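As structure tokens, the structure follows; a few thoughts come after it.
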Amino acid sequence: MRKFLIAGVLATALLPAQAMAQVAFNGTWKADPSTTMSYKVDGDTVMMTTPTGQSYTAKVDGTDAPYMGDPNITSVSLMMLSDNTLVESDKRDGATVSVHTMKITPDGKTIAISVRDKMSGTMTKLVASRQ
């Protein structure tokens with residue numbers, strides 16, 4: 001009985017963190033006039049879409065999921081590091097081509113995005129604003 005009680009308390013304690021991640025990432029974000037993405041977090045699943053046709057629906061457990069609308073990316077894997085940090089690994093035919101680390105600021109208005117291009121060895125930093 002005690003084990004079930006502890007498990008229930010732990011599960012209840014984790015629910016606010018999951019809800020905060022949903023609130024934090026949900027919405028439309030714009031990095032520049034040509035880069036807009038929308039996220040919807042539902043439990044352990046993230047759905048991303050862009051106006052130009054890129055999209056995915058992936059779990060935040062590191063497993064690969066199909067990436068649609070970009071000939072250079074065939075799959076994506078996601079890891080939620082914290083309530084406000086999401087890491088996206090874009091892949092082509094199983095090989096990681098870029099890693100995007102997205103961290104939402106405490107006020108929830110912007111995402112600091114670091115993109116590591118594994119093909120060129122470069123790092124790009126962007127800031128996206130909530131729309």
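Every chain in the structure tokens has a letter given in the order shown (A, B, ...), and although residue numbers restart at 1 in each chain, ligands are simply numbered from 1 in the order shown.
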Q.
Taking 4 positions as the minimum chain separation for residues in the same chain, which residues sit within 9 Å of range 106-115 of chain A when counting only C-alpha atoms? Answer as a ChimeraX atom specification.
A. /A:23-25,29,31,84,98-102,122-131
Please produce a file of the residues just selected, as a compact mmCIF listing (two decimals), in the first residue's frame, where the atoms kept are N, CA and C atoms.
# COMPACT_ATOMS: atom_id res chain seq x y z
N VAL A 23 2.33 24.54 -21.48
CA VAL A 23 2.05 25.97 -21.54
C VAL A 23 3.24 26.70 -22.15
N ALA A 24 4.44 26.32 -21.78
CA ALA A 24 5.63 27.03 -22.22
C ALA A 24 5.83 26.94 -23.73
N PHE A 25 5.72 25.77 -24.33
CA PHE A 25 6.03 25.60 -25.75
C PHE A 25 4.83 25.79 -26.66
N TRP A 29 5.66 30.77 -32.83
CA TRP A 29 6.89 31.48 -32.54
C TRP A 29 7.51 31.98 -33.85
N ALA A 31 11.03 33.64 -35.51
CA ALA A 31 12.44 33.98 -35.31
C ALA A 31 12.86 35.13 -36.21
N ASN A 84 11.36 23.98 -19.63
CA ASN A 84 11.52 25.03 -20.62
C ASN A 84 12.63 24.76 -21.64
N SER A 98 21.59 18.12 -37.72
CA SER A 98 21.59 19.33 -36.89
C SER A 98 20.90 19.04 -35.56
N VAL A 99 21.30 19.81 -34.56
CA VAL A 99 20.71 19.71 -33.23
C VAL A 99 20.28 21.10 -32.80
N HIS A 100 18.99 21.24 -32.47
CA HIS A 100 18.41 22.51 -32.06
C HIS A 100 18.11 22.43 -30.56
N THR A 101 18.71 23.30 -29.78
CA THR A 101 18.40 23.38 -28.37
C THR A 101 17.57 24.64 -28.17
N MET A 102 16.33 24.44 -27.70
CA MET A 102 15.38 25.55 -27.56
C MET A 102 15.05 25.74 -26.09
N THR A 122 29.12 24.32 -37.73
CA THR A 122 28.83 25.68 -37.29
C THR A 122 27.72 25.71 -36.25
N MET A 123 27.67 26.81 -35.51
CA MET A 123 26.63 27.04 -34.51
C MET A 123 25.95 28.36 -34.84
N THR A 124 24.62 28.35 -34.86
CA THR A 124 23.83 29.55 -35.10
C THR A 124 22.93 29.78 -33.91
N LYS A 125 22.80 31.03 -33.51
CA LYS A 125 21.91 31.37 -32.40
C LYS A 125 20.79 32.25 -32.93
N LEU A 126 19.55 31.93 -32.53
CA LEU A 126 18.37 32.68 -32.92
C LEU A 126 17.55 32.98 -31.69
N VAL A 127 16.68 33.95 -31.81
CA VAL A 127 15.68 34.23 -30.77
C VAL A 127 14.33 34.28 -31.46
N ALA A 128 13.40 33.49 -30.96
CA ALA A 128 12.04 33.48 -31.50
C ALA A 128 11.10 34.12 -30.48
N SER A 129 10.17 34.91 -30.97
CA SER A 129 9.21 35.59 -30.10
C SER A 129 7.84 34.94 -30.22
N ARG A 130 7.16 34.85 -29.07
CA ARG A 130 5.80 34.31 -29.08
C ARG A 130 4.89 35.27 -29.87
N GLN A 131 4.07 34.71 -30.71
CA GLN A 131 3.15 35.52 -31.54
C GLN A 131 1.77 35.54 -30.93
Taking the DSSP assignment computed from this structure's backbone, write out as a PDB file with N, CA and C atoms, in the first residue's frame all residues of range 2-116 of chain A that belong to helix (DSSP H, G or I).
ATOM      1  N   ARG A   2       1.919   1.219   0.799  1.00  0.00           N
ATOM      2  CA  ARG A   2       2.787   2.388   0.894  1.00  0.00           C
ATOM      3  C   ARG A   2       3.458   2.691  -0.443  1.00  0.00           C
ATOM      4  N   LYS A   3       3.864   1.634  -1.193  1.00  0.00           N
ATOM      5  CA  LYS A   3       4.498   1.829  -2.499  1.00  0.00           C
ATOM      6  C   LYS A   3       3.541   2.544  -3.443  1.00  0.00           C
ATOM      7  N   PHE A   4       2.262   2.165  -3.422  1.00  0.00           N
ATOM      8  CA  PHE A   4       1.284   2.797  -4.300  1.00  0.00           C
ATOM      9  C   PHE A   4       1.076   4.262  -3.918  1.00  0.00           C
ATOM     10  N   LEU A   5       1.082   4.543  -2.631  1.00  0.00           N
ATOM     11  CA  LEU A   5       0.922   5.913  -2.153  1.00  0.00           C
ATOM     12  C   LEU A   5       2.093   6.773  -2.608  1.00  0.00           C
ATOM     13  N   ILE A   6       3.321   6.263  -2.478  1.00  0.00           N
ATOM     14  CA  ILE A   6       4.512   7.004  -2.903  1.00  0.00           C
ATOM     15  C   ILE A   6       4.471   7.231  -4.410  1.00  0.00           C
ATOM     16  N   ALA A   7       4.116   6.207  -5.169  1.00  0.00           N
ATOM     17  CA  ALA A   7       4.027   6.339  -6.622  1.00  0.00           C
ATOM     18  C   ALA A   7       2.985   7.388  -6.995  1.00  0.00           C
ATOM     19  N   GLY A   8       1.857   7.394  -6.295  1.00  0.00           N
ATOM     20  CA  GLY A   8       0.816   8.381  -6.569  1.00  0.00           C
ATOM     21  C   GLY A   8       1.267   9.793  -6.269  1.00  0.00           C
ATOM     22  N   VAL A   9       1.980   9.967  -5.160  1.00  0.00           N
ATOM     23  CA  VAL A   9       2.497  11.287  -4.800  1.00  0.00           C
ATOM     24  C   VAL A   9       3.509  11.753  -5.836  1.00  0.00           C
ATOM     25  N   LEU A  10       4.407  10.862  -6.273  1.00  0.00           N
ATOM     26  CA  LEU A  10       5.393  11.239  -7.289  1.00  0.00           C
ATOM     27  C   LEU A  10       4.718  11.597  -8.604  1.00  0.00           C
ATOM     28  N   ALA A  11       3.744  10.826  -9.031  1.00  0.00           N
ATOM     29  CA  ALA A  11       3.034  11.118 -10.275  1.00  0.00           C
ATOM     30  C   ALA A  11       2.334  12.468 -10.187  1.00  0.00           C
ATOM     31  N   THR A  12       1.724  12.747  -9.064  1.00  0.00           N
ATOM     32  CA  THR A  12       1.049  14.030  -8.876  1.00  0.00           C
ATOM     33  C   THR A  12       2.055  15.173  -8.883  1.00  0.00           C
ATOM     34  N   ALA A  13       3.223  14.963  -8.317  1.00  0.00           N
ATOM     35  CA  ALA A  13       4.252  16.003  -8.296  1.00  0.00           C
ATOM     36  C   ALA A  13       4.771  16.296  -9.695  1.00  0.00           C
ATOM     37  N   LEU A  14       4.782  15.297 -10.578  1.00  0.00           N
ATOM     38  CA  LEU A  14       5.283  15.494 -11.931  1.00  0.00           C
ATOM     39  C   LEU A  14       4.266  16.155 -12.847  1.00  0.00           C
ATOM     40  N   LEU A  15       2.994  16.084 -12.535  1.00  0.00           N
ATOM     41  CA  LEU A  15       1.968  16.676 -13.397  1.00  0.00           C
ATOM     42  C   LEU A  15       2.159  18.173 -13.612  1.00  0.00           C
ATOM     43  N   PRO A  16       2.471  18.970 -12.603  1.00  0.00           N
ATOM     44  CA  PRO A  16       2.680  20.393 -12.868  1.00  0.00           C
ATOM     45  C   PRO A  16       3.831  20.651 -13.830  1.00  0.00           C
ATOM     46  N   ALA A  17       4.903  19.865 -13.775  1.00  0.00           N
ATOM     47  CA  ALA A  17       6.031  20.052 -14.690  1.00  0.00           C
ATOM     48  C   ALA A  17       5.595  19.795 -16.122  1.00  0.00           C
ATOM     49  N   GLN A  18       4.830  18.744 -16.336  1.00  0.00           N
ATOM     50  CA  GLN A  18       4.346  18.442 -17.677  1.00  0.00           C
ATOM     51  C   GLN A  18       3.403  19.550 -18.144  1.00  0.00           C
ATOM     52  N   ALA A  19       2.543  20.007 -17.293  1.00  0.00           N
ATOM     53  CA  ALA A  19       1.620  21.077 -17.664  1.00  0.00           C
ATOM     54  C   ALA A  19       2.380  22.356 -17.984  1.00  0.00           C
ATOM     55  N   MET A  20       3.440  22.660 -17.220  1.00  0.00           N
ATOM     56  CA  MET A  20       4.228  23.855 -17.500  1.00  0.00           C
ATOM     57  C   MET A  20       4.897  23.755 -18.855  1.00  0.00           C
ATOM     58  N   ALA A  21       5.426  22.569 -19.204  1.00  0.00           N
ATOM     59  CA  ALA A  21       6.049  22.392 -20.515  1.00  0.00           C
ATOM     60  C   ALA A  21       5.016  22.623 -21.609  1.00  0.00           C
ATOM     61  N   GLN A  22       3.795  22.146 -21.401  1.00  0.00           N
ATOM     62  CA  GLN A  22       2.751  22.351 -22.390  1.00  0.00           C
ATOM     63  C   GLN A  22       2.473  23.835 -22.561  1.00  0.00           C
ATOM     64  N   VAL A  23       2.331  24.542 -21.477  1.00  0.00           N
ATOM     65  CA  VAL A  23       2.051  25.968 -21.538  1.00  0.00           C
ATOM     66  C   VAL A  23       3.243  26.701 -22.149  1.00  0.00           C
ATOM     67  N   ALA A  24       4.442  26.323 -21.779  1.00  0.00           N
ATOM     68  CA  ALA A  24       5.632  27.030 -22.219  1.00  0.00           C
ATOM     69  C   ALA A  24       5.833  26.943 -23.731  1.00  0.00           C
ATOM     70  N   PHE A  25       5.718  25.770 -24.326  1.00  0.00           N
ATOM     71  CA  PHE A  25       6.030  25.602 -25.750  1.00  0.00           C
ATOM     72  C   PHE A  25       4.830  25.788 -26.664  1.00  0.00           C
TER      73      PHE A  25
END
Q.
If DSSP is run on the backbone, what residues of range 20-53 of chain A are strand (DSSP E)? A reply as an MDAnalysis selection string would be ideal.
A. chainID A and resid 27:32 35:42 45:49
Output the selection as a tab-separated table (two decimals), in the first residue's frame - N, CA and C atoms for each residue.
chain	number	residue	atom	x	y	z
A	27	GLY	N	2.06	27.16	-28.91
A	27	GLY	CA	1.87	28.44	-29.56
A	27	GLY	C	2.69	28.60	-30.81
A	28	THR	N	2.62	29.80	-31.37
A	28	THR	CA	3.35	30.13	-32.59
A	28	THR	C	4.50	31.05	-32.23
A	29	TRP	N	5.66	30.77	-32.83
A	29	TRP	CA	6.89	31.48	-32.54
A	29	TRP	C	7.51	31.98	-33.85
A	30	LYS	N	8.03	33.20	-33.84
A	30	LYS	CA	8.64	33.78	-35.03
A	30	LYS	C	10.07	34.19	-34.70
A	31	ALA	N	11.03	33.64	-35.51
A	31	ALA	CA	12.44	33.98	-35.31
A	31	ALA	C	12.86	35.13	-36.21
A	32	ASP	N	12.29	35.23	-37.37
A	32	ASP	CA	12.52	36.33	-38.31
A	32	ASP	C	11.34	36.33	-39.27
A	35	THR	N	10.85	32.81	-40.76
A	35	THR	CA	10.93	31.60	-39.92
A	35	THR	C	9.87	31.66	-38.83
A	36	THR	N	8.79	30.90	-39.05
A	36	THR	CA	7.70	30.81	-38.08
A	36	THR	C	7.41	29.33	-37.84
A	37	MET	N	7.23	28.95	-36.58
A	37	MET	CA	6.88	27.56	-36.26
A	37	MET	C	5.84	27.56	-35.15
A	38	SER	N	4.96	26.57	-35.23
A	38	SER	CA	3.93	26.41	-34.21
A	38	SER	C	4.14	25.06	-33.52
A	39	TYR	N	4.03	25.08	-32.20
A	39	TYR	CA	4.18	23.87	-31.39
A	39	TYR	C	2.91	23.61	-30.61
A	40	LYS	N	2.59	22.33	-30.49
A	40	LYS	CA	1.51	21.90	-29.62
A	40	LYS	C	2.02	20.69	-28.85
A	41	VAL	N	2.08	20.82	-27.54
A	41	VAL	CA	2.53	19.72	-26.68
A	41	VAL	C	1.29	19.09	-26.08
A	42	ASP	N	1.19	17.77	-26.23
A	42	ASP	CA	0.08	17.01	-25.68
A	42	ASP	C	0.66	15.80	-24.97
A	45	THR	N	3.98	14.12	-26.31
A	45	THR	CA	4.06	14.27	-27.76
A	45	THR	C	4.10	15.75	-28.15
A	46	VAL	N	4.99	16.08	-29.08
A	46	VAL	CA	5.10	17.44	-29.60
A	46	VAL	C	4.75	17.42	-31.08
A	47	MET	N	3.87	18.34	-31.47
A	47	MET	CA	3.53	18.52	-32.88
A	47	MET	C	4.08	19.86	-33.31
A	48	MET	N	4.84	19.89	-34.42
A	48	MET	CA	5.40	21.13	-34.94
A	48	MET	C	4.95	21.29	-36.38
A	49	THR	N	4.57	22.52	-36.74
A	49	THR	CA	4.22	22.84	-38.12
A	49	THR	C	4.79	24.21	-38.46
Q | Test item: residues at most 7 Å from Asp90 in chain A, only C-alpha atoms, excluding those fewer than 6 positions along its chain, as a list in words | A |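 Skipping anything fewer than 6 positions along the chain leaves Ile73, Ser75, Val76, Ser77, Thr96, Val97, Ser98 and Val99 of chain A.
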Q) So which one's closest to Met80 in chain A, A:Arg92, A:Asp64, A:Lys118, A:Asp44? Using only C-alpha atoms, please. A)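 That would be A:Asp44, the residue with the smallest distance to Met80 in chain A.
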Q: Work out how far apart CA of Ser120 in chain A and CA of Tyr67 in chain A are and give it in Å to one decimal.
A: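 Rounded to one decimal, the two atoms are 21.0 Å apart.
The space between CA of Gly69 in chain A and CA of Gln54 in chain A spans 4.3 Å.
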Q: Kindly indicate which residue among A:Ile104, A:Ala65, A:Ala58, A:Met79 lies nearest to Lys91 in chain A, using only C-alpha atoms for the distances.
A: A:Ala65
Q: For CA of Thr63 in chain A and CA of Gly43 in chain A, quote the distance in Å rounded to one decimal.
A: 15.4 Å
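With only C-alpha atoms as the atoms that count, the minimum distance from Tyr56 in chain A to the choices A:Leu78, A:Met68, A:Val87, A:Met119 is reached by A:Met68.
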